4 protein chains.
Amino acid sequence: MRSFASDNNSGVHPQVLAAIASANTGHAVGYGDDPWTLKAQADFRREFGEDSRVFFVFLGTAANVLSLNALTRSFNSVVCARTAHINVDECGAPERMLGCKLFAVPTPDGKLRPEDLLPALNDLGNEHHNQPRVVSITQCTELGTLYTPEEIRALAEAAHGSGMYLHMDGARIGNAACALNLSLRQVSRDCGVDVLSFGGTKNGMMYGEAVVFFKPELAREFRFLRKQGMQLASKMRYIAAQFSAILTGDLWKANAANANAMAQLLARLCAEIPGVTITRKVETNAVFASIPAKAVAALQEQYFFYVWNPLPAEAPEVRWMCSFDTTGEDVRSFAAALSKALE
Amino acid sequence: MRSFASDNNSGVHPQVLAAIASANTGHAVGYGDDPWTLKAQADFRREFGEDSRVFFVFLGTAANVLSLNALTRSFNSVVCARTAHINVDECGAPERMLGCKLFAVPTPDGKLRPEDLLPALNDLGNEHHNQPRVVSITQCTELGTLYTPEEIRALAEAAHGSGMYLHMDGARIGNAACALNLSLRQVSRDCGVDVLSFGGTKNGMMYGEAVVFFKPELAREFRFLRKQGMQLASKMRYIAAQFSAILTGDLWKANAANANAMAQLLARLCAEIPGVTITRKVETNAVFASIPAKAVAALQEQYFFYVWNPLPAEAPEVRWMCSFDTTGEDVRSFAAALSKALE
Amino acid sequence: MRSFASDNNSGVHPQVLAAIASANTGHAVGYGDDPWTLKAQADFRREFGEDSRVFFVFLGTAANVLSLNALTRSFNSVVCARTAHINVDECGAPERMLGCKLFAVPTPDGKLRPEDLLPALNDLGNEHHNQPRVVSITQCTELGTLYTPEEIRALAEAAHGSGMYLHMDGARIGNAACALNLSLRQVSRDCGVDVLSFGGTKNGMMYGEAVVFFKPELAREFRFLRKQGMQLASKMRYIAAQFSAILTGDLWKANAANANAMAQLLARLCAEIPGVTITRKVETNAVFASIPAKAVAALQEQYFFYVWNPLPAEAPEVRWMCSFDTTGEDVRSFAAALSKALE
Amino acid sequence: MRSFASDNNSGVHPQVLAAIASANTGHAVGYGDDPWTLKAQADFRREFGEDSRVFFVFLGTAANVLSLNALTRSFNSVVCARTAHINVDECGAPERMLGCKLFAVPTPDGKLRPEDLLPALNDLGNEHHNQPRVVSITQCTELGTLYTPEEIRALAEAAHGSGMYLHMDGARIGNAACALNLSLRQVSRDCGVDVLSFGGTKNGMMYGEAVVFFKPELAREFRFLRKQGMQLASKMRYIAAQFSAILTGDLWKANAANANAMAQLLARLCAEIPGVTITRKVETNAVFASIPAKAVAALQEQYFFYVWNPLPAEAPEVRWMCSFDTTGEDVRSFAAALSKALE
């Protein structure tokens, strides 16, 4: 049975698994000097530009934290939305690893605006306060919402104009690019992003994320940060082969397209159920809904998912995620179960 | 062509790959609450005792650093051999992540003795010096040598007698247990080890290592250290399935046995070549040899391997490692190439 | 001319300076094993209870950070008011030194309430989130407001009931105790505080703060944290002698009483000036006022002080602090200058 | 009675105390923007060159650690002598604060040679190893020995030639300059030192050390490192006034000259006592001697001092330090007591 708890509950796409199997041939030098890694890095450069610098790590938290590590000193701060994954779901890994403070701004929809930078910028030059150095945005956001390219460009300008960098947490960048009908590059580098955490795991991979630098000079010391940050894979070819698989023939886009479409279907079917309110605009593969409290427990007996906001107690807000392999049948069964739980 | 550079240059054992494929079925809850993880943890407890506490991480550096993290505060020190992986091959990850100092002791063979702890113990209670808290040993060592159970027991007694813990870096624990003809438990827990980094990658896995606590109270906060330490895999079932594969039917032992046997063969064949001296006792899967300098470059054209000690310049010491999939044919070809390079 | 910018702009009380001079006699063993330190620690124990554990450090940031260090692991969080000094005025020293996240709660008056702990407590046991471990309050607060003993007791109960500790930043604890007409112990330990940062510098000392533990077991490792935290003074007698001076004959209280009284006078005189609004209740030695923007610049030509809130632009909020040595004459001159600036 | 345990057991020079008292006049803006600090910084620039950048901190550990902080990233290493204070007497503050590894080299006399850098330089560019970035030397060394200007210049060249910086721990730089009959600048900046920890406490000050940068660009972020590193004094004028005092009329030199001369006298008198061997060249204010074990305990009843090396057990090596205020009478009494203890 397929889950709607998270897009990391899904397994591995068959083509990705096949790529892993086909990389399992003989010996290869460790730590990234193998042909698979060289090829995958070239695949990335083809997507993002030849002067991109690409590094593989194991997981998204590390992609985010080490990206920021390359851009900061301990006395800096990172401006992000209060709902950002780096702020609420990484057990303080950014603070511990970087020493930095997160300057977390409340937002209505998980999206930063240029004016959200202003309070942090007041601290510039004042030694009593952390010095703002990076703006970190998530595309698509943790609330399933999307930045338009114009919105990102405005943030990039505001950041760069104050000596700050723009980092993008792209754990679901595929879903974003697909929803906007743009290339991966068009939703990141072309909007002024300096460093991108490129997500693989939520797009049908087994493990592995990439850190992509669009300014080569920012990448100069990254090898050391990655190794000391405990993210240098010895058998790196198996991460690389997966990335090549999802970048080949736009598999990433097919995976994202399905997840996005299923979320639309899920939202449409659930919105028709009395007592259910879709609480946020469904732009990618996340559906947020307010449902009667009694339905939560009943439905969770069959389907594990997260309560996003326990308030109001009588109708909490829940989150449902669709995956690359979610089917229309899955969605219809889920909606039926919800409907039944509400009877 | 198979490499002798490192046992992480090999690929993935077919049974491990099959286990991954068979875990790729439908959705599973993330972060370790899935059936595969529960089963693999049970497999570990069967090997090491029911009150063991088992956690999976991505790689060996993290297994070591996070093990030590559970045992230390920043003002502590960790006593280890100067050649220990944590001291020389992790780009300072222990210092950065723990804040601790490594009290690195020179040894003739990569093995600590109880008397090596004494200088560190002089510092006990003196606030000007790091407080020794853990003894960390590698079994088998980075020099391919073995601790006997008695030797480990003596270290455990010395450590525990001074309020210290004993950590074992078991990146190659399979090779050690196999060489000693003992169970995994007999070479670790039964000798007084408190926490074990259990290696999978060098034993035919794709990625994944385990941290095994033999005193449950030491594990109490480990979940948080692992998450904040950027080592909590979302799709953890794929690490777990690999571990179940190597723990099933003692696949780990078969893998280690082959690597060890090939190292013996390699040492025997090379020792017969004029100009080649085997420099260290071959107890597991590593062979160290002194060969004429001109042979190094010639042989490296065909086979990548590491120069362990560039001195003496005319006959540097090199390291050759055998893997679970090294064949007698591989070894004979390599010895022939070496012989040819020396003509 | 006396400043109203901060109570650390004042100098050293003559009795404190005399105590320093009288400690300058011959040689004394370093790092705290001298008679002056032993005496000052005894002075503290007399105030706070014989089982208190007392350590001297150089400055308030260190007293706070190292107090919290003794109570936390890196994956913990510290709940505090958003306006807390540890959150806004220490350049991220807590994050860097502890690795912890500050869970900063907006408050109307700089004071936490027990219900402010609830959101953090939701995270208990969830490895994706920092684990709340300490509630840190400032007495008196950065806004010059006071916790009543009952309010602190309620916070202590809430904290202890959830396995958390209560830390008090007492940079101005003298001002608080004096304003409440209670002993130092009555406003801290007797209300359930576990660890206190006891401020000296703002009470007429040259430098030096104390960390006072009310549960001896919490202090066990503090010597090492202090040394590694770069706060172990070699010539410690000179900090100790200052503390003995302000604890002798309740000099601390006389100093605080004067500062508090002058703030009352300042508020009264300024409130009478047209265009000036006292914006917060004056409970200790801080006065917050909203004054016409043009008066800010004019007045700052004579007196340096901080703009607390630049908005609204036409009438920003400023902060004025009184010190142990502020005189009625100083206050009247300042009020007159303000009045003149508004003409 | 004067101690020979350490030069920080002495008190404060009367002129320093007088300078403190005379700075105690009215209010002054905090954190270093006061006239005393500006003057002391100018005093330093006069000594070391107008483009020097000068920052005051509380103590020597912080001067060292924060100096290195300005020069390193966490994946770097710092090459130092094994006996360096940063390596053995700061409870691991460098590792904790910097994340770096200390590459500690054994030396016969506490002094590094250019060839000592070579093993660390082997690691350049290898991501598995910390990257060497700073050479840190102590002048005069922890063993009382001196670098000649030529020796320092050779180290600076070696360091700079490999992209490394040269840091000098000058906790006793006055003693060194005086012994070499050179200016403070001649023994540091003019030899190629990049950053200097300038010691005040052991030269008759109460507290306070300076970090002096000789390349302005290295100092750019130091204000933030100092604040976040918990070393920004609010009432900074009192540190500044002390520095002005010892830099005025070369008081620093008079203080150092006395300490050095007394060490010479002490060594001469003790060398004549049967059973006492002076073990190291006495170049500054430290005397190391091997004395019969029984004399240690007997002498320590009157004089506290440190056993430097407990071996050989029958004649351990002890350390005696002379101070700015040690008198010939003190030395003669001590030598007499030693003589008596040996009867």
# chains A, B, ... in the order shown; residues from 1 in each chain; ligands from 1

call {"tool": "interface_residues", "arguments": {"of": "chain B", "to": "chain C", "cutoff": "12 Å", "atoms": "only C-alpha atoms", "output": "number ranges by chain"}}
result
B: 31-32, 69-77, 96-101, 123-131, 220-234

call {"tool": "select_by_dssp", "arguments": {"residues": "segment 11-101 of chain D", "states": "alpha helix (DSSP H)", "output": "MDAnalysis selection string"}}
result
chainID D and resid 14:23 35:48 60:71 85:88 93:98

call {"tool": "residues_around", "arguments": {"residues": "Arg46 of chain B", "least_positions_apart": "3", "cutoff": "12 Å", "atoms": "only C-alpha atoms", "output": "PyMOL selection string"}}
result
chain B and resi 39-43+49-54+183-185+244+247-248

call {"tool": "atom_distance", "arguments": {"atom1": "atom CA of Lys253 of chain C", "atom2": "atom CA of Asn175 of chain C"}}
result
7.5 Å

call {"tool": "residues_around", "arguments": {"residues": "Ser162 of chain C", "least_positions_apart": "4", "cutoff": "9 Å", "atoms": "only C-alpha atoms", "output": "VMD selection string"}}
result
chain C and resid 121 132 to 133 157 to 158

call {"tool": "write_last_selection", "arguments": {"atoms": "all heavy atoms", "output": "compact mmCIF listing (two decimals), in the first residue's frame"}}
result
# COMPACT_ATOMS: atom_id res chain seq x y z
N LEU C 121 7.86 22.22 23.81
CA LEU C 121 7.66 20.90 24.42
C LEU C 121 7.03 19.91 23.45
O LEU C 121 7.16 18.70 23.60
CB LEU C 121 6.82 21.03 25.69
CG LEU C 121 7.55 21.77 26.83
CD1 LEU C 121 6.62 21.94 28.03
CD2 LEU C 121 8.81 21.02 27.24
N PRO C 132 14.13 20.54 23.82
CA PRO C 132 14.17 21.63 24.81
C PRO C 132 14.76 21.15 26.13
O PRO C 132 14.38 20.09 26.64
CB PRO C 132 12.70 22.03 24.96
CG PRO C 132 11.91 20.89 24.42
CD PRO C 132 12.76 20.23 23.39
N ARG C 133 15.70 21.91 26.67
CA ARG C 133 16.40 21.46 27.87
C ARG C 133 16.53 22.54 28.94
O ARG C 133 16.68 22.25 30.11
CB ARG C 133 17.80 21.00 27.45
CG ARG C 133 18.59 20.34 28.55
CD ARG C 133 17.96 19.03 28.94
NE ARG C 133 18.81 18.26 29.83
CZ ARG C 133 18.35 17.32 30.64
NH1 ARG C 133 17.06 17.04 30.67
NH2 ARG C 133 19.16 16.65 31.43
N GLU C 157 8.53 25.53 37.88
CA GLU C 157 7.70 24.32 37.95
C GLU C 157 7.44 23.76 36.55
O GLU C 157 7.52 22.55 36.33
CB GLU C 157 6.37 24.63 38.63
CG GLU C 157 6.39 24.31 40.11
CD GLU C 157 5.16 24.86 40.82
OE1 GLU C 157 4.04 24.69 40.28
OE2 GLU C 157 5.34 25.49 41.88
N ALA C 158 7.10 24.64 35.65
CA ALA C 158 6.83 24.18 34.28
C ALA C 158 8.08 23.55 33.68
O ALA C 158 8.02 22.50 33.04
CB ALA C 158 6.35 25.35 33.42

call {"tool": "atom_distance", "arguments": {"atom1": "atom CA of Val282 of chain D", "atom2": "atom CA of Thr148 of chain D"}}
result
14.5 Å

call {"tool": "closest_residue", "arguments": {"among": "A:Ala154, A:Leu68, A:Ala120, A:Gly204", "to": "His167 of chain A", "atoms": "only C-alpha atoms"}}
result
A:Leu68

call {"tool": "atom_distance", "arguments": {"atom1": "atom CA of Val276 of chain D", "atom2": "atom CA of Lys294 of chain D"}}
result
12.1 Å

call {"tool": "closest_residue", "arguments": {"among": "A:Cys322, A:Ala210, A:Ala263, A:Ala289", "to": "Trp308 of chain A", "atoms": "only C-alpha atoms"}}
result
A:Ala289

call {"tool": "select_by_dssp", "arguments": {"residues": "segment 6-206 of chain B", "states": "strand (DSSP E)", "output": "MDAnalysis selection string"}}
result
chainID B and resid 53:57 76:81 101:105 131:138 165:170 195:199

call {"tool": "decode", "arguments": {"residues": "segment 36-71 of chain D", "atoms": "C-alpha atoms", "output": "PDB file, in the first residue's frame"}}
result
ATOM      1  CA  TRP D  36      41.840  54.978  26.499  1.00  0.00           C
ATOM      2  CA  THR D  37      41.380  52.241  23.962  1.00  0.00           C
ATOM      3  CA  LEU D  38      42.117  54.574  21.079  1.00  0.00           C
ATOM      4  CA  LYS D  39      45.278  55.700  22.816  1.00  0.00           C
ATOM      5  CA  ALA D  40      46.469  52.191  23.627  1.00  0.00           C
ATOM      6  CA  GLN D  41      45.874  51.098  20.051  1.00  0.00           C
ATOM      7  CA  ALA D  42      47.952  54.069  18.928  1.00  0.00           C
ATOM      8  CA  ASP D  43      50.653  53.047  21.387  1.00  0.00           C
ATOM      9  CA  PHE D  44      50.728  49.619  19.776  1.00  0.00           C
ATOM     10  CA  ARG D  45      50.846  51.066  16.287  1.00  0.00           C
ATOM     11  CA  ARG D  46      53.798  53.195  17.312  1.00  0.00           C
ATOM     12  CA  GLU D  47      55.621  50.044  18.402  1.00  0.00           C
ATOM     13  CA  PHE D  48      54.609  47.804  15.527  1.00  0.00           C
ATOM     14  CA  GLY D  49      53.831  50.039  12.556  1.00  0.00           C
ATOM     15  CA  GLU D  50      50.934  52.276  11.662  1.00  0.00           C
ATOM     16  CA  ASP D  51      49.084  49.672   9.625  1.00  0.00           C
ATOM     17  CA  SER D  52      48.922  47.241  12.532  1.00  0.00           C
ATOM     18  CA  ARG D  53      45.464  46.288  13.722  1.00  0.00           C
ATOM     19  CA  VAL D  54      45.100  45.909  17.485  1.00  0.00           C
ATOM     20  CA  PHE D  55      42.383  44.184  19.495  1.00  0.00           C
ATOM     21  CA  PHE D  56      42.218  43.573  23.212  1.00  0.00           C
ATOM     22  CA  VAL D  57      40.952  40.385  24.812  1.00  0.00           C
ATOM     23  CA  PHE D  58      40.884  39.124  28.381  1.00  0.00           C
ATOM     24  CA  LEU D  59      43.438  36.337  28.430  1.00  0.00           C
ATOM     25  CA  GLY D  60      46.162  34.517  26.573  1.00  0.00           C
ATOM     26  CA  THR D  61      44.199  31.435  25.575  1.00  0.00           C
ATOM     27  CA  ALA D  62      41.723  33.675  23.828  1.00  0.00           C
ATOM     28  CA  ALA D  63      44.446  35.742  22.169  1.00  0.00           C
ATOM     29  CA  ASN D  64      45.890  32.555  20.709  1.00  0.00           C
ATOM     30  CA  VAL D  65      42.657  30.861  19.755  1.00  0.00           C
ATOM     31  CA  LEU D  66      41.049  33.920  18.220  1.00  0.00           C
ATOM     32  CA  SER D  67      44.227  34.802  16.322  1.00  0.00           C
ATOM     33  CA  LEU D  68      44.149  31.357  14.788  1.00  0.00           C
ATOM     34  CA  ASN D  69      40.417  31.659  14.202  1.00  0.00           C
ATOM     35  CA  ALA D  70      41.029  34.621  11.935  1.00  0.00           C
ATOM     36  CA  LEU D  71      43.476  32.569   9.862  1.00  0.00           C
TER      37      LEU D  71
END
